[in-house]
Protein chains: 2
Amino acid sequence: MAKIAVLGYGTVGSGVVEVLETNKNSIEKRAGEGIEVKYVLDLRDFPGDPVQEKIVHDVDIIIQDKEIDVVVEVMGGIEPAFTFVKKALEAGKSVCTSNKALVAEHGPELLAMAKERNLNFMFEASVGGGIPIIRPLNQSLTADEITQITGILNGTTNYILTKMSQEGSSYEDVLKEAQDLGYAERNPEADVEGYDTCRKIAILTSLAFGSTVKFEEIQTEGITKISTADFAYAEKLGCVVKLLATSFKKDEKVYAITAPFLIDATHPLYNVNDVLNGIYIHGNVIGDVMFFGAGAGKLPTASAVVADVVDCVKHKGRNVMTLWSYEKLELGSAMEVERTFFVRIKDRAALEKAKEAFHAVQTVTVDGLDDEFGLVTANMTEQAFAQAAAQFDVAGRIRFDKTTI
Amino acid sequence: MAKIAVLGYGTVGSGVVEVLETNKNSIEKRAGEGIEVKYVLDLRDFPGDPVQEKIVHDVDIIIQDKEIDVVVEVMGGIEPAFTFVKKALEAGKSVCTSNKALVAEHGPELLAMAKERNLNFMFEASVGGGIPIIRPLNQSLTADEITQITGILNGTTNYILTKMSQEGSSYEDVLKEAQDLGYAERNPEADVEGYDTCRKIAILTSLAFGSTVKFEEIQTEGITKISTADFAYAEKLGCVVKLLATSFKKDEKVYAITAPFLIDATHPLYNVNDVLNGIYIHGNVIGDVMFFGAGAGKLPTASAVVADVVDCVKHKGRNVMTLWSYEKLELGSAMEVERTFFVRIKDRAALEKAKEAFHAVQTVTVDGLDDEFGLVTANMTEQAFAQAAAQFDVAGRIRFDKTTI
């Protein structure tokens with residue numbers, strides 16, 4: 001019987017306890033032995049909850065208990081999670097976490113600590129919730145050189161954009177609805193500003209290329225400036241607006257960005273709606289592959305955490321190799337990247353001049369937006385776009401992503 | 001440096017050699033050491049091909065060479081592949097194969113042989129070509145009890161059905177075109193009769209439930225009876241026809257079938273077209289998850305085989321546990337399963353009687369098919385459907401699959 005401790009009895013933590021109980025028998029078969037939650041660390045007590053007898057308030061009780069093989073960290077945030085995880089590894093316990101902030105910030109250090117000690121540090125649930133993506137990248141796509149990863153990695157913003165698209169509602173109204181439904185936090189900044197998505201693409205890109213992408217260096221734009229007007233233009237273009245995170249390799253350089261993009265019906269992520277996540281990967285030999293499912297939620301996320309626990313139990317005393325070194329991956333300059341843009345200009349008189357400046361391939365107008373027009377630009381660098389845009393009163397711009405499968 | 005032998009220098013075998021060469025450096029990093037092809041077994045010689053110096057015609061040269069760690073079997077068919085694989089395992093070599101016939105027929109025996117010897121028998125490429133699906137089932141969805149697997153698992157038939165749907169061409173014309181393009185064999189029976197798909201769902205179902213599904217016991221229908229008339233009705237119903245393989249658990253019984261199904265735009269496999277494969281899985285905690293990509297083809301399949309080789313090299317002397325016992329999984333009776341059917345009846349005068357017999361919820365007619373009509377039945381068992389159908393001149397029937405995500 002493997003004994004584990006769960007740090008944090010919030011949504012994911014209670015999900016982990018529930019999944020281990022619900023699927024006790026099948027998990028025991030797959031792990032080779034039973035898995036029992038011995039401790040749950042939380043500041044709170046849970047009187048009446050069956051977990052109450054396992055609640056401890058002092059992490060050192062867990063760290064010092066030699067019976068504990070695996071520690072599950074589902075508290076979120078950097079501290080005290082980072083300190084607790086280090087203590088657990090130092091004490092000879094493998095760690096499974098759903099904490100993308102921790103992994104994006106300290107992944108290679110914690111992986112190295114685990115490796116030195118023949119332990120494991122696993123984080124399947126940190127990206128894509130229940131969708132298996134970390135393990136496939138580590139263990140299934142090993143014959144490939146990955147050339148592109150493009151994903152919808154945040155359920156909250158995808159829910160908001162889907163509702164805006166389908167119902168024509170404003171950003172503010174849909175955000176409020178999402179908050180009422182529990183899909184968005186009261187302070188939604190980490191989601192809507194793209195910070196959560198940015199950390200996730202940093203993790204995936206680091207794993208795909210084997211060295212560390214600093215998430216702070218990834219160009220990141222959120223969805224707070226996307227308006228109903230943008231969706232009206234998008235509809236005319238046969239597109240939807242999605243918050244994409246993408247990294248790709250070109251001429252031996254890796255580029256990464258998190259931003260809203262216009263995508264049309266031929267894009268593999270076009271139908272990934274509501275709180276679902278989807279991740280598209282291109283490898284130089286496998287070609288296109290896509291993973292799709294619930295990107296968040298108590299049980300899907302817990303499913304991924306528990307799968308990691310099972311793997312840790314199966315690999316007691318043996319490190320499962322993960323290729324992610326400290327070495328920093330220098331990202332190519334965002335300004336070099338060539339794209340097509342959609343740009344809105346608040347000056348009807350400037351149409352001819354703008355068409356020329358952006359080498360426009362299409363002009364779009366929307367009824368009711370009579371003091372502006374939209375252009376689809378030619379393929380141009382971000383730099384060239386910025387230079388052209390500086391000459392006009394730009395009401396907004398959204399990049400196109402043209403991935404097809 | 002790990003040394004391997006490749007049995008069979010056909011499409012997949014030459015792909016394996018090519019992938020190992022193309023991605024030599026990244027593969028070495030991921031495997032922890034270089035991987036070199038020392039022998040290629042084939043009946044033929046390949047004068048002028050760089051592989052010629054490695055060609056051997058006698059498998060025993062490979063079996064007796066203690067330097068060989070991993071044997072790649074990509075010959076296809078049961079014999080001599082089965083004998084060669086057993087010999088390799090007995091000689092202490094791990095085996096990777098793309099051979100679904102071999103895995104469906106002898107999977108548990110070969111897995112047990114590998115386990116006893118601390119070796120590995122891996123077969124990621126046997127289902128879904130390059131799509132990672134065997135490893136996710138084995139190692140990522142371990143916290144879940146799988147309740148449904150539904151897939152488009154054969155690229156050839158999906159290509160044929162996609163073309164018939166999009167171009168209105170006849171089965172015979174599209175088959176010929178597929179043969180000319182190399183997407184279909186000169187003898188297409190294994191694909192178009194559903195035998196290939198059936199073996200693949202047998203493998204996935206065995207892995208999901210941990211015991212052996214005999215593929216011979218899976219109800220299997222191919223696509224040879226699907227006509228342009230069926231597609232005309234499908235279009236009126238807002239559906240496409242897909243060859244699905246599906247297994248699901250209900251009231252502790254597992255049911256499996258391979259057959260053409262009508263699916264509408266809300267189905268997660270609706271947009272899986274041409275030679276692509278898609279696999280939808282539902283687990284009791286993860287919910288819905290989907291995998292999607294190139295289900296066949298030289299390089300995608302080779303990518304999956306080489307990923308297995310990398311895994312074998314990383315796990316030298318250590319068996320990676322796979323839950324698939326000899327124990328036979330008794331499938332529930334096909335006749336018990338409840339579905340909705342689409343049925344075509346060649347007797348306009350029988351309309352009212354048929355509507356009653358099938359508890360029809362919808363009548364469909366197509367211009368030009370004036371001596372018949374189509375009905376969408378109520379939900380009914382296969383048994384009840386068969387009894388009702390016996391009373392009429394039935395021109396065809398296709399089941400509906402109603403999976404939504």
# chains A, B, ... in the order shown; residues from 1 in each chain; ligands from 1
$ closest_atom_pairs --of "range 334-363 of chain A" --to "range 256-268 of chain A" --cutoff "10 Å" --atoms "only C-alpha atoms" --output "JSON lines"
{"residue": "A:Ala334", "atom": "CA", "partner": "A:Ala256", "partner_atom": "CA", "distance": 7.7}
{"residue": "A:Val337", "atom": "CA", "partner": "A:Ala256", "partner_atom": "CA", "distance": 9.7}
{"residue": "A:Thr340", "atom": "CA", "partner": "A:Leu262", "partner_atom": "CA", "distance": 9.9}
{"residue": "A:Phe341", "atom": "CA", "partner": "A:Leu262", "partner_atom": "CA", "distance": 8.8}
{"residue": "A:Phe342", "atom": "CA", "partner": "A:Leu262", "partner_atom": "CA", "distance": 8.2}
$ residues_around --residues "Trp324 in chain B" --least-positions-apart "3" --cutoff "10 Å" --atoms "only C-alpha atoms" --output "JSON, numbers by chain"
{"B": [107, 108, 109, 111, 112, 138, 203, 205, 206, 207, 208, 209, 210, 211, 212, 213, 321, 327, 328]}
$ write_last_selection --atoms "N, CA, C and O atoms" --output "tab-separated table (two decimals), in the first residue's frame"
chain	number	residue	atom	x	y	z
B	107	GLY	N	-1.32	-10.61	-28.42
B	107	GLY	CA	-0.85	-9.57	-27.51
B	107	GLY	C	-0.53	-10.04	-26.10
B	107	GLY	O	0.61	-9.89	-25.63
B	108	PRO	N	-1.50	-10.64	-25.38
B	108	PRO	CA	-1.24	-10.98	-23.97
B	108	PRO	C	-0.10	-11.98	-23.80
B	108	PRO	O	0.67	-11.88	-22.85
B	109	GLU	N	0.02	-12.93	-24.73
B	109	GLU	CA	1.10	-13.91	-24.64
B	109	GLU	C	2.46	-13.23	-24.79
B	109	GLU	O	3.40	-13.50	-24.01
B	111	LEU	N	3.14	-10.02	-24.32
B	111	LEU	CA	3.36	-9.14	-23.17
B	111	LEU	C	3.85	-9.93	-21.97
B	111	LEU	O	4.76	-9.49	-21.24
B	112	ALA	N	3.27	-11.11	-21.76
B	112	ALA	CA	3.67	-11.94	-20.61
B	112	ALA	C	5.11	-12.44	-20.79
B	112	ALA	O	5.90	-12.44	-19.84
B	138	ASN	N	-2.32	3.32	-21.49
B	138	ASN	CA	-1.56	2.56	-20.49
B	138	ASN	C	-1.08	3.41	-19.34
B	138	ASN	O	-0.97	2.94	-18.21
B	203	ILE	N	-7.77	-4.35	-29.67
B	203	ILE	CA	-6.56	-3.99	-28.90
B	203	ILE	C	-6.89	-2.89	-27.88
B	203	ILE	O	-6.58	-3.00	-26.69
B	205	THR	N	-9.76	-1.98	-26.62
B	205	THR	CA	-10.71	-2.43	-25.60
B	205	THR	C	-10.01	-3.33	-24.58
B	205	THR	O	-10.24	-3.23	-23.37
B	206	SER	N	-9.14	-4.20	-25.06
B	206	SER	CA	-8.38	-5.07	-24.15
B	206	SER	C	-7.54	-4.24	-23.19
B	206	SER	O	-7.48	-4.51	-21.99
B	207	LEU	N	-6.89	-3.21	-23.72
B	207	LEU	CA	-6.06	-2.35	-22.86
B	207	LEU	C	-6.90	-1.56	-21.88
B	207	LEU	O	-6.52	-1.37	-20.72
B	208	ALA	N	-8.05	-1.07	-22.34
B	208	ALA	CA	-8.88	-0.24	-21.47
B	208	ALA	C	-9.47	-1.06	-20.32
B	208	ALA	O	-9.60	-0.55	-19.21
B	209	PHE	N	-9.79	-2.32	-20.60
B	209	PHE	CA	-10.45	-3.12	-19.57
B	209	PHE	C	-9.55	-4.18	-18.95
B	209	PHE	O	-9.94	-4.86	-18.02
B	210	GLY	N	-8.35	-4.32	-19.50
B	210	GLY	CA	-7.34	-5.15	-18.84
B	210	GLY	C	-7.42	-6.63	-19.13
B	210	GLY	O	-6.60	-7.41	-18.64
B	211	SER	N	-8.41	-7.07	-19.90
B	211	SER	CA	-8.48	-8.49	-20.26
B	211	SER	C	-8.74	-8.62	-21.76
B	211	SER	O	-9.01	-7.63	-22.44
B	212	THR	N	-8.65	-9.85	-22.26
B	212	THR	CA	-8.55	-10.02	-23.71
B	212	THR	C	-9.90	-10.08	-24.42
B	212	THR	O	-10.72	-10.95	-24.15
B	213	VAL	N	-10.09	-9.15	-25.34
B	213	VAL	CA	-11.24	-9.19	-26.24
B	213	VAL	C	-10.83	-9.98	-27.48
B	213	VAL	O	-9.84	-9.63	-28.14
B	321	MET	N	4.95	-1.74	-17.19
B	321	MET	CA	3.75	-2.55	-16.97
B	321	MET	C	2.61	-2.20	-17.94
B	321	MET	O	2.29	-1.04	-18.15
B	327	GLU	N	-6.92	-13.41	-19.45
B	327	GLU	CA	-8.32	-13.62	-19.09
B	327	GLU	C	-9.24	-13.07	-20.19
B	327	GLU	O	-9.06	-11.94	-20.65
B	328	LYS	N	-10.19	-13.85	-20.60
B	328	LYS	CA	-11.04	-13.43	-21.71
B	328	LYS	C	-12.12	-12.48	-21.23
B	328	LYS	O	-12.78	-12.71	-20.23
$ select_by_dssp --residues "range 90-195 of chain A" --states "alpha helix (DSSP H)" --output "VMD selection string"
chain A and resid 90 100 to 116 134 to 135 155 to 167 171 to 180 189 to 192 195
$ residues_around --residues "Thr197 in chain B" --least-positions-apart "4" --cutoff "7 Å" --atoms "only C-alpha atoms" --output "NGL selection string"
:B and (153-154 or 201 or 245 or 258)
$ write_last_selection --atoms "N, CA, C and O atoms" --output "CSV table (one decimal), in the first residue's frame"
chain,number,residue,atom,x,y,z
B,153,LEU,N,-10.6,4.4,-37.2
B,153,LEU,CA,-9.3,3.8,-37.0
B,153,LEU,C,-8.6,3.3,-38.3
B,153,LEU,O,-7.6,2.7,-38.2
B,154,ASN,N,-9.3,3.5,-39.4
B,154,ASN,CA,-8.8,3.1,-40.7
B,154,ASN,C,-8.8,4.2,-41.7
B,154,ASN,O,-9.8,4.7,-42.1
B,201,ILE,N,-9.9,-2.0,-32.5
B,201,ILE,CA,-10.8,-1.8,-31.4
B,201,ILE,C,-10.6,-2.9,-30.4
B,201,ILE,O,-10.7,-2.7,-29.2
B,245,ALA,N,-15.4,2.2,-34.9
B,245,ALA,CA,-15.3,1.1,-34.1
B,245,ALA,C,-15.6,1.7,-32.7
B,245,ALA,O,-15.1,2.7,-32.3
B,258,THR,N,-17.9,-2.9,-34.9
B,258,THR,CA,-17.2,-2.1,-36.0
B,258,THR,C,-18.3,-2.1,-37.1
B,258,THR,O,-18.7,-3.2,-37.6
$ closest_atom_pairs --of "chain A" --to "chain B" --cutoff "8 Å" --atoms "only C-alpha atoms" --output "CSV"
residue,atom,partner,partner_atom,distance
A:Val19,CA,B:Val285,CA,7.0
A:Leu20,CA,B:Ala143,CA,7.6
A:Asn23,CA,B:Asp144,CA,6.8
A:Ser26,CA,B:Glu145,CA,6.9
A:Ile27,CA,B:Ala143,CA,5.8
A:Lys29,CA,B:Leu323,CA,7.9
A:Arg30,CA,B:Thr142,CA,6.3
A:Gly130,CA,B:Ile286,CA,5.7
A:Ile131,CA,B:Val289,CA,6.4
A:Pro132,CA,B:Ser140,CA,6.0
A:Arg135,CA,B:Ser140,CA,7.1
A:Pro136,CA,B:Pro132,CA,6.7
A:Gln139,CA,B:Asp311,CA,7.1
A:Ser140,CA,B:Ala307,CA,5.6
A:Leu141,CA,B:Ala307,CA,6.3
A:Thr142,CA,B:Ala307,CA,5.2
A:Ala143,CA,B:Ala307,CA,5.0
A:Asp144,CA,B:Ser303,CA,6.7
A:Glu145,CA,B:Asn23,CA,6.8
A:Val285,CA,B:Leu299,CA,5.3
A:Ile286,CA,B:Pro300,CA,4.0
A:Gly287,CA,B:Pro300,CA,6.5
A:Asp288,CA,B:Gly293,CA,5.6
A:Val289,CA,B:Gly293,CA,4.2
A:Met290,CA,B:Phe292,CA,4.9
A:Phe291,CA,B:Phe291,CA,4.9
A:Phe292,CA,B:Met290,CA,4.9
A:Gly293,CA,B:Val289,CA,4.2
A:Ala294,CA,B:Asp288,CA,6.7
A:Leu299,CA,B:Val285,CA,5.3
A:Pro300,CA,B:Ile286,CA,4.0
A:Thr301,CA,B:Ile286,CA,7.4
A:Ala302,CA,B:Val285,CA,8.0
A:Ser303,CA,B:Ala143,CA,5.4
A:Ala304,CA,B:Ser140,CA,7.2
A:Val306,CA,B:Ala143,CA,5.5
A:Ala307,CA,B:Ala143,CA,5.0
A:Asp308,CA,B:Ser140,CA,7.6
A:Val310,CA,B:Thr142,CA,7.0
A:Asp311,CA,B:Gln139,CA,7.1
A:Leu323,CA,B:Arg30,CA,6.7
